[in-house]
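The structure file data.txt is reproduced below (compact mmCIF, C-alpha atoms).
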```
# COMPACT_ATOMS: atom_id res chain seq x y z
CA MET A 120 -15.74 -12.51 1.20
CA GLU A 121 -12.64 -14.69 1.44
CA THR A 122 -9.59 -13.79 3.58
CA ARG A 123 -6.30 -15.67 3.33
CA ILE A 124 -2.74 -15.19 4.56
CA ASP A 125 0.45 -16.10 2.68
CA GLU A 126 4.15 -15.54 3.35
CA ILE A 127 5.50 -13.64 0.31
CA ALA A 128 9.05 -13.18 1.67
CA GLU A 129 10.87 -14.33 4.78
CA GLY A 130 8.81 -13.02 7.70
CA ILE A 131 6.51 -10.91 5.50
CA HIS A 132 2.89 -12.07 5.35
CA ARG A 133 0.20 -10.88 2.93
CA ILE A 134 -3.35 -10.81 4.32
CA SER A 135 -5.82 -10.61 1.46
CA THR A 136 -9.60 -10.23 1.41
CA HIS A 137 -11.35 -10.68 -1.92
CA VAL A 138 -14.55 -8.68 -2.38
CA PRO A 139 -16.39 -10.03 -5.44
CA ASP A 140 -19.00 -7.24 -5.47
CA ILE A 141 -16.37 -4.62 -6.38
CA ALA A 142 -15.66 -4.54 -10.13
CA PRO A 143 -17.50 -7.81 -10.87
CA PRO A 144 -17.05 -10.41 -12.15
CA ALA A 145 -13.31 -10.28 -11.33
CA GLY A 146 -13.73 -8.65 -7.93
CA PHE A 147 -11.12 -6.70 -5.99
CA THR A 148 -8.68 -7.54 -3.19
CA PHE A 149 -7.75 -5.49 -0.14
CA ASN A 150 -4.32 -6.51 1.16
CA GLN A 151 -2.42 -5.84 4.36
CA PHE A 152 1.18 -6.82 5.07
CA LEU A 153 2.56 -8.05 8.39
CA VAL A 154 6.30 -7.90 9.07
CA ALA A 155 6.85 -10.51 11.78
CA ALA A 156 9.87 -8.88 13.40
CA GLU A 157 10.92 -8.37 17.01
CA GLU A 158 8.72 -5.26 16.80
CA PRO A 159 5.95 -6.45 14.46
CA LEU A 160 4.77 -3.96 11.85
CA LEU A 161 1.48 -3.84 9.94
CA PHE A 162 1.31 -1.99 6.61
CA HIS A 163 -2.33 -1.07 5.85
CA THR A 164 -5.08 -1.81 8.38
CA GLY A 165 -8.01 -2.26 6.01
CA MET A 166 -11.40 -0.68 6.62
CA LYS A 167 -13.10 -0.92 10.02
CA ALA A 168 -15.35 -3.70 8.70
CA LEU A 169 -12.28 -5.81 7.90
CA PHE A 170 -10.77 -5.55 11.39
CA PRO A 171 -12.18 -8.91 12.63
CA VAL A 172 -10.85 -10.95 9.68
CA VAL A 173 -7.53 -9.10 9.44
CA SER A 174 -6.83 -9.38 13.17
CA GLU A 175 -7.75 -13.08 13.10
CA ALA A 176 -5.26 -13.63 10.28
CA ILE A 177 -2.53 -11.76 12.19
CA GLU A 178 -3.15 -14.01 15.20
CA ARG A 179 -2.02 -16.99 13.10
CA VAL A 180 1.46 -15.43 13.04
CA VAL A 181 1.81 -13.19 16.10
CA PRO A 182 -0.61 -12.08 18.83
CA VAL A 183 -2.32 -8.86 17.78
CA GLU A 184 -1.46 -7.33 21.15
CA ARG A 185 2.25 -7.63 20.20
CA LEU A 186 1.93 -5.27 17.21
CA ARG A 187 4.39 -2.42 17.67
CA TRP A 188 3.91 -0.34 14.51
CA ILE A 189 0.77 0.52 12.55
CA THR A 190 1.69 1.97 9.15
CA PHE A 191 0.09 2.74 5.79
CA GLY A 192 0.66 4.67 2.59
CA HIS A 193 -1.82 7.54 2.94
CA VAL A 194 -4.93 8.54 4.86
CA GLU A 195 -7.85 6.65 3.31
CA ALA A 196 -10.35 4.11 4.65
CA ASP A 197 -8.81 1.00 3.07
CA GLU A 198 -5.35 2.13 4.19
CA CYS A 199 -6.06 3.11 7.79
CA GLY A 200 -9.79 2.79 8.53
CA ALA A 201 -9.15 0.30 11.37
CA MET A 202 -6.18 2.27 12.77
CA ASN A 203 -7.78 2.99 16.14
CA GLU A 204 -9.19 -0.52 16.44
CA PHE A 205 -5.64 -1.86 16.17
CA LEU A 206 -4.33 0.74 18.62
CA ALA A 207 -6.98 -0.44 21.10
CA ALA A 208 -6.09 -4.11 20.58
CA ALA A 209 -2.31 -3.53 20.78
CA PRO A 210 -1.57 -1.32 23.80
CA HIS A 211 2.10 -0.73 22.91
CA ALA A 212 1.52 0.02 19.23
CA GLU A 213 2.21 3.38 17.62
CA VAL A 214 1.17 4.74 14.26
CA ALA A 215 4.22 5.68 12.19
CA HIS A 216 3.72 7.94 9.18
CA ASN A 217 5.51 10.75 7.43
CA THR A 218 5.69 14.11 9.14
CA LEU A 219 3.22 15.79 6.78
CA GLY A 220 0.60 13.09 7.30
CA CYS A 221 0.94 13.45 11.06
CA LEU A 222 0.58 17.22 10.88
CA VAL A 223 -2.42 17.37 8.54
CA SER A 224 -4.43 14.35 9.73
CA LEU A 225 -3.04 11.83 12.19
CA ASN A 226 -2.24 14.08 15.15
CA ASP A 227 -5.99 14.65 15.24
CA GLN A 228 -7.34 11.27 14.10
CA ALA A 229 -5.11 8.69 15.82
CA ALA A 230 -6.14 7.60 19.32
CA ARG A 231 -2.51 7.96 20.45
CA PRO A 232 0.11 10.43 19.21
CA PRO A 233 1.74 9.12 16.00
CA ARG A 234 5.46 8.80 15.30
CA PRO A 235 6.43 11.25 12.50
CA MET A 236 9.09 10.14 9.99
CA ASP A 237 11.19 12.21 7.60
CA ASP A 238 11.83 11.21 4.01
CA GLY A 239 14.47 8.48 3.99
CA GLU A 240 14.24 7.90 7.75
CA MET A 241 14.69 4.31 8.96
CA LEU A 242 12.53 2.46 11.47
CA ASP A 243 14.42 -0.35 13.22
CA LEU A 244 12.13 -3.33 13.94
CA GLY A 245 14.89 -5.26 15.75
CA GLY A 246 15.84 -8.92 15.58
CA SER A 247 18.89 -10.80 16.84
CA LEU A 248 19.19 -13.26 13.92
CA VAL A 249 17.58 -11.21 11.13
CA ARG A 250 17.45 -7.47 11.68
CA ARG A 251 14.49 -5.76 10.06
CA VAL A 252 14.68 -2.12 9.04
CA VAL A 253 12.09 -0.22 6.98
CA ARG A 254 12.73 3.05 5.16
CA ASN A 255 10.15 5.81 4.75
CA ILE A 256 9.89 7.10 1.16
CA ASN A 257 7.71 10.14 0.62
CA THR A 258 5.73 10.06 -2.66
CA PRO A 259 3.49 13.18 -2.57
CA HIS A 260 0.41 12.84 -4.80
CA VAL A 261 1.48 9.31 -5.88
CA PRO A 262 -0.77 7.67 -6.52
CA HIS A 263 -2.88 10.25 -4.68
CA ASN A 264 -2.97 12.35 -1.52
CA TRP A 265 -0.57 15.06 -0.41
CA GLU A 266 0.86 12.94 2.42
CA ALA A 267 1.40 9.73 0.39
CA ARG A 268 4.45 7.60 1.16
CA LEU A 269 5.76 4.03 0.80
CA LEU A 270 7.92 1.74 2.93
CA TYR A 271 10.96 -0.28 1.82
CA GLU A 272 12.07 -3.28 3.89
CA GLU A 273 15.84 -3.40 3.57
CA ASN A 274 16.55 -7.06 4.43
CA THR A 275 14.23 -8.71 1.88
CA ARG A 276 14.25 -5.69 -0.49
CA THR A 277 10.46 -5.61 -0.41
CA LEU A 278 8.78 -2.38 -1.49
CA PHE A 279 5.38 -1.90 0.14
CA CYS A 280 4.05 0.01 -2.84
CA GLY A 281 0.45 0.63 -1.80
CA ASP A 282 -1.88 1.42 -4.70
CA LEU A 283 0.84 1.22 -7.35
CA PHE A 284 0.18 -1.68 -9.74
CA THR A 285 -3.45 -1.96 -8.58
CA HIS A 286 -5.30 -4.59 -10.62
CA LEU A 287 -8.54 -6.55 -10.47
CA GLY A 288 -9.19 -10.18 -9.60
CA ASN A 289 -8.24 -12.69 -6.94
CA GLY A 290 -4.94 -13.99 -8.24
CA PRO A 291 -2.11 -15.78 -6.41
CA ALA A 292 -0.45 -14.13 -3.43
CA ILE A 293 2.66 -13.48 -5.51
CA THR A 294 3.25 -13.72 -9.24
CA GLY A 295 5.93 -13.25 -11.85
CA ASP A 296 3.39 -12.44 -14.54
CA ASP A 297 3.36 -9.00 -16.12
CA LEU A 298 1.33 -6.52 -14.06
CA VAL A 299 1.72 -3.51 -16.34
CA GLU A 300 -1.27 -4.11 -18.61
CA PRO A 301 -3.59 -5.10 -15.70
CA ALA A 302 -2.50 -1.92 -13.88
CA LEU A 303 -3.27 0.19 -16.95
CA ARG A 304 -6.75 -1.35 -17.20
CA ALA A 305 -7.40 -0.57 -13.53
CA GLU A 306 -6.24 3.02 -13.99
CA GLU A 307 -8.56 3.39 -16.97
CA LEU A 308 -11.42 2.10 -14.81
CA PHE A 309 -10.83 3.82 -11.48
CA ARG A 310 -8.74 6.89 -12.41
CA GLN A 311 -7.04 6.79 -9.01
CA THR A 312 -3.94 8.77 -10.01
CA SER A 313 -3.95 12.47 -9.14
CA CYS A 314 -0.98 13.60 -11.26
CA LEU A 315 0.41 11.67 -14.22
CA THR A 316 3.76 13.49 -14.26
CA ALA A 317 4.32 12.95 -10.55
CA LEU A 318 3.47 9.26 -10.95
CA THR A 319 5.83 8.54 -13.84
CA THR A 320 8.67 10.52 -12.24
CA THR A 321 8.20 8.65 -8.95
CA LEU A 322 8.06 5.23 -10.64
CA ARG A 323 11.39 5.87 -12.35
CA ALA A 324 12.95 7.04 -9.10
CA LEU A 325 11.65 3.96 -7.25
CA ALA A 326 13.12 1.72 -9.96
CA GLU A 327 16.57 2.86 -8.84
CA LEU A 328 16.00 0.99 -5.55
CA ARG A 329 15.97 -2.28 -7.54
CA PRO A 330 13.56 -4.00 -5.11
CA ALA A 331 13.26 -7.80 -5.20
CA ARG A 332 9.46 -7.76 -4.85
CA LEU A 333 6.52 -5.42 -4.83
CA ALA A 334 3.90 -5.79 -2.08
CA VAL A 335 0.80 -4.59 -3.93
CA MET A 336 -2.25 -3.44 -1.99
CA HIS A 337 -4.88 -4.44 -4.57
CA GLY A 338 -4.04 -7.63 -6.45
CA SER A 339 -1.14 -10.06 -6.51
CA SER A 340 2.29 -9.05 -5.25
CA TYR A 341 5.10 -9.18 -7.81
CA ASP A 342 8.32 -11.20 -7.74
CA GLY A 343 10.44 -10.47 -10.80
CA ASP A 344 12.40 -7.62 -12.38
CA CYS A 345 10.72 -4.92 -10.32
CA ALA A 346 12.88 -2.09 -11.66
CA ALA A 347 11.91 -2.97 -15.23
CA ALA A 348 8.25 -3.31 -14.25
CA MET A 349 8.20 0.19 -12.75
CA THR A 350 9.99 1.71 -15.73
CA ASP A 351 7.71 -0.12 -18.14
CA LEU A 352 4.64 1.09 -16.25
CA ALA A 353 5.88 4.69 -16.36
CA ASP A 354 6.46 4.45 -20.13
CA ALA A 355 3.07 2.81 -20.72
CA LEU A 356 1.21 5.38 -18.62
CA GLU A 357 2.72 8.19 -20.66
CA GLU A 358 1.93 6.43 -23.91
CA ARG A 359 -1.69 5.71 -23.00
CA PHE A 360 -2.73 8.72 -20.91
CA ALA A 361 -0.53 11.73 -21.80
CA PRO A 362 -0.72 14.70 -22.12
CA GLU A 363 -1.38 15.74 -18.55
CA ARG A 364 -4.14 18.24 -19.45
CA ASP A 365 -6.19 15.45 -21.08
CA PHE A 366 -5.42 12.96 -18.30
CA VAL A 367 -6.89 15.30 -15.67
CA GLY A 368 -10.27 15.31 -17.39
CA ARG A 369 -10.68 11.55 -17.76
CA PRO A 370 -13.69 10.28 -15.75
CA SER A 371 -13.68 7.40 -13.27
CA VAL A 372 -16.20 4.59 -13.18
CA LEU A 373 -16.87 5.77 -9.60
CA GLN A 374 -18.09 9.14 -10.88
CA ALA A 375 -21.67 8.08 -11.58
CA PRO A 376 -24.25 10.84 -12.09
CA HIS A 377 -26.08 11.94 -8.96
CA PRO A 378 -29.89 12.31 -9.27
CA GLY A 379 -30.90 15.95 -9.30
CA LEU A 380 -27.38 17.22 -10.00
CA GLU A 381 -27.28 16.72 -13.79
```
So, in terms of C-alpha cells, how does the structure I just supplied come out?
Amino acid sequence: METRIDEIAEGIHRISTHVPDIAPPAGFTFNQFLVAAEEPLLFHTGMKALFPVVSEAIERVVPVERLRWITFGHVEADECGAMNEFLAAAPHAEVAHNTLGCLVSLNDQAARPPRPMDDGEMLDLGGSLVRRVVRNINTPHVPHNWEARLLYEENTRTLFCGDLFTHLGNGPAITGDDLVEPALRAEELFRQTSCLTALTTTLRALAELRPARLAVMHGSSYDGDCAAAMTDLADALEERFAPERDFVGRPSVLQAPHPGLE
C-alpha cells in the first residue's frame, strides 16, 4: 500500500492510501481529510489497520495529540474504524456527529461521549487569522446509512462529501476532470447507494451550496464547477439506474455466492 498527503485547499490536507488489491487492476483509495485549524479536525479515520499510516501522515502537519475533533460521514469501518485509536492518541479530542448517529451507535461505541450536532449546526474550529467553521449537513440514506451526514467548511467552501463521487484508481489528489462517468461505473460495480431517489434529491440540494471543491473519500477530490457536477451526476443516475424498483434489485460485485447457501 502507498500513503501520501497533499494540501487540496488552504489548511485542508488529503491523506490517501491506495490499496491495489481492491478492484484490481485500478485499485481503490481510502482518504481522510485533516483541517489544520486552531482546533484540528479529522474527517474519516480509516480502518483500524490504517491507523499507523494515517497518524504518521497527520504528524507531518500537526501532532496527533493536538486533534480536537474526530468526524466522519456515517458509521462504517473505513469511516470510523480507528475512532477509538485516535481518541486514545489525542486526549482532548471528541467525536462530533449528528444527533441520530450519536443516539443509535456512537454513545455506545465511542470511548468518550460524542458531541451531537443538529442539521445545519456549525462547529467553530477557531483561528485568529483564518477562522474555520464547519457545518453539519444531514443526508439520511445518502449514500447509505440512516445516520449519514456531510460537513461543509465555510472558509474554503470545501464539501467533505464522503462516498459521493466514489471512483476507482489512484489518481491525483485533486482534479478538474469529469468524475460523473467514473462515479457511475463505481456505482454499477459496488451498488453502494441505498435509495436512488434520496440520492438524486440530496445531490440537487447540495448543488445549491455551490462548493468550490469536493473532498471525495474514494478517489481524487474535485476542483471545478461542483454544482454542475452534482446536478449532472443526479441526472445521469436517474438516466442509467431508474426506476427505483429496478435499482433496488441490482446486485453488487460484493454479493458473491456463499457456499452451501445457493
**Request:** Find the residues near A:Ala326: any atom within 9 Å, counting all atoms listed in the file, skip ones fewer than 5 places away on the same chain, and give them as a ChimeraX atom specification.
**Result:** /A:321,345-350
Shortest contact to A:Ala292, candidates A:Arg364, A:Arg185, A:Arg276, A:His337, atoms counted all atoms listed in the file, goes to A:His337
Pairwise distance, atom CA of A:Asp140 with atom CA of A:Val172, equals 17.6 Å
**Asked** If you count only C-alpha atoms, which residues fall within 12 Å of stretch 206-211 of chain A, apart from same-chain ones fewer than 5 positions away, as a ChimeraX atom specification?
**Response** /A:158-161,164,170-171,174-175,177-178,181-190,199-201,228-233
Export, as a short mmCIF file (atom, residue, chain, number, x, y, z; two decimals), in the frame of the given file, the selected residues with C-alpha atoms.
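This went into again.cif:
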```cif
data_model
loop_
_atom_site.label_atom_id
_atom_site.label_comp_id
_atom_site.auth_asym_id
_atom_site.auth_seq_id
_atom_site.Cartn_x
_atom_site.Cartn_y
_atom_site.Cartn_z
CA GLU A 158 8.72 -5.26 16.80
CA PRO A 159 5.95 -6.45 14.46
CA LEU A 160 4.77 -3.96 11.85
CA LEU A 161 1.48 -3.84 9.94
CA THR A 164 -5.08 -1.81 8.38
CA PHE A 170 -10.77 -5.55 11.39
CA PRO A 171 -12.18 -8.91 12.63
CA SER A 174 -6.83 -9.38 13.17
CA GLU A 175 -7.75 -13.08 13.10
CA ILE A 177 -2.53 -11.76 12.19
CA GLU A 178 -3.15 -14.01 15.20
CA VAL A 181 1.81 -13.19 16.10
CA PRO A 182 -0.61 -12.08 18.83
CA VAL A 183 -2.32 -8.86 17.78
CA GLU A 184 -1.46 -7.33 21.15
CA ARG A 185 2.25 -7.63 20.20
CA LEU A 186 1.93 -5.27 17.21
CA ARG A 187 4.39 -2.42 17.67
CA TRP A 188 3.91 -0.34 14.51
CA ILE A 189 0.77 0.52 12.55
CA THR A 190 1.69 1.97 9.15
CA CYS A 199 -6.06 3.11 7.79
CA GLY A 200 -9.79 2.79 8.53
CA ALA A 201 -9.15 0.30 11.37
CA GLN A 228 -7.34 11.27 14.10
CA ALA A 229 -5.11 8.69 15.82
CA ALA A 230 -6.14 7.60 19.32
CA ARG A 231 -2.51 7.96 20.45
CA PRO A 232 0.11 10.43 19.21
CA PRO A 233 1.74 9.12 16.00
#
```
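Distance check against A:Val252 using all atoms listed in the file: of A:Arg323, A:Leu225, A:Gly288, A:Glu272, the minimum falls on A:Glu272.
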Skip stretch 353-360 of chain A itself and residues of its chain fewer than 2 positions away, then list as a PDB file with C-alpha atoms, keeping the file's coordinate frame all residues within 10 Å of it, counting only C-alpha atoms.
```
ATOM      1  CA  VAL A 299       1.720  -3.510 -16.340  1.00  0.00           C
ATOM      2  CA  GLU A 300      -1.270  -4.110 -18.610  1.00  0.00           C
ATOM      3  CA  ALA A 302      -2.500  -1.920 -13.880  1.00  0.00           C
ATOM      4  CA  LEU A 303      -3.270   0.190 -16.950  1.00  0.00           C
ATOM      5  CA  GLU A 306      -6.240   3.020 -13.990  1.00  0.00           C
ATOM      6  CA  GLU A 307      -8.560   3.390 -16.970  1.00  0.00           C
ATOM      7  CA  LEU A 315       0.410  11.670 -14.220  1.00  0.00           C
ATOM      8  CA  THR A 316       3.760  13.490 -14.260  1.00  0.00           C
ATOM      9  CA  LEU A 318       3.470   9.260 -10.950  1.00  0.00           C
ATOM     10  CA  THR A 319       5.830   8.540 -13.840  1.00  0.00           C
ATOM     11  CA  THR A 320       8.670  10.520 -12.240  1.00  0.00           C
ATOM     12  CA  THR A 321       8.200   8.650  -8.950  1.00  0.00           C
ATOM     13  CA  LEU A 322       8.060   5.230 -10.640  1.00  0.00           C
ATOM     14  CA  ARG A 323      11.390   5.870 -12.350  1.00  0.00           C
ATOM     15  CA  ALA A 347      11.910  -2.970 -15.230  1.00  0.00           C
ATOM     16  CA  ALA A 348       8.250  -3.310 -14.250  1.00  0.00           C
ATOM     17  CA  MET A 349       8.200   0.190 -12.750  1.00  0.00           C
ATOM     18  CA  THR A 350       9.990   1.710 -15.730  1.00  0.00           C
ATOM     19  CA  ASP A 351       7.710  -0.120 -18.140  1.00  0.00           C
ATOM     20  CA  PRO A 362      -0.720  14.700 -22.120  1.00  0.00           C
ATOM     21  CA  GLU A 363      -1.380  15.740 -18.550  1.00  0.00           C
ATOM     22  CA  ARG A 364      -4.140  18.240 -19.450  1.00  0.00           C
ATOM     23  CA  ASP A 365      -6.190  15.450 -21.080  1.00  0.00           C
ATOM     24  CA  PHE A 366      -5.420  12.960 -18.300  1.00  0.00           C
ATOM     25  CA  VAL A 367      -6.890  15.300 -15.670  1.00  0.00           C
ATOM     26  CA  ARG A 369     -10.680  11.550 -17.760  1.00  0.00           C
TER      27      ARG A 369
END
```
A:Phe284 proximity check over A:Asn203, A:Asn264, A:Ser340, A:Ser313, using all atoms listed in the file: winner is A:Ser340
A:Asn255 proximity check over A:Met336, A:Val138, A:Ala215, A:Leu283, using all atoms listed in the file: winner is A:Ala215
Give me the residues within 8 Å of A:Val335 as a CSV table (one decimal) with C-alpha atoms, in the frame of the given file, counting only C-alpha atoms and dropping any in the same chain fewer than 2 places off.
```csv
chain,number,residue,atom,x,y,z
A,150,ASN,CA,-4.3,-6.5,1.2
A,279,PHE,CA,5.4,-1.9,0.1
A,280,CYS,CA,4.0,0.0,-2.8
A,281,GLY,CA,0.4,0.6,-1.8
A,282,ASP,CA,-1.9,1.4,-4.7
A,283,LEU,CA,0.8,1.2,-7.4
A,284,PHE,CA,0.2,-1.7,-9.7
A,285,THR,CA,-3.4,-2.0,-8.6
A,333,LEU,CA,6.5,-5.4,-4.8
A,337,HIS,CA,-4.9,-4.4,-4.6
A,338,GLY,CA,-4.0,-7.6,-6.4
A,339,SER,CA,-1.1,-10.1,-6.5
A,340,SER,CA,2.3,-9.0,-5.2
A,341,TYR,CA,5.1,-9.2,-7.8
```
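The gap separating atom CA of A:Glu327 from atom CA of A:Arg234 is 27.2 Å, in Å to one decimal.
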Just the residues within 9 Å of A:Val154, please, counting all atoms listed in the file, with nothing from its chain fewer than 5 positions along; format it as a ChimeraX atom specification. /A:129-132,159-162,244,251
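The shortest atom-to-atom distance to A:Val223, with only C-alpha atoms taken into account, belongs to A:His193 out of A:Asp238, A:Gln151, A:Ile127, A:His193.
The coordinates place atom CA of A:Glu157 at 17.9 Å from atom CA of A:Arg133.
Among the candidate residues A:Tyr271, A:Arg332, A:Ala176, A:Val214, the one lying nearest to A:Glu240 is A:Tyr271, with distances computed using all atoms listed in the file.
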Enclose all atoms of stretch 125-139 of chain A listed in the file in an axis-aligned box, grow every side by 6 Å, and hand back centre and edge lengths in Å to one decimal, as lines of an AutoDock Vina configuration file.
```
center_x = -2.8
center_y = -12.4
center_z = 1.1
size_x = 39.3
size_y = 19.4
size_z = 25.1
```
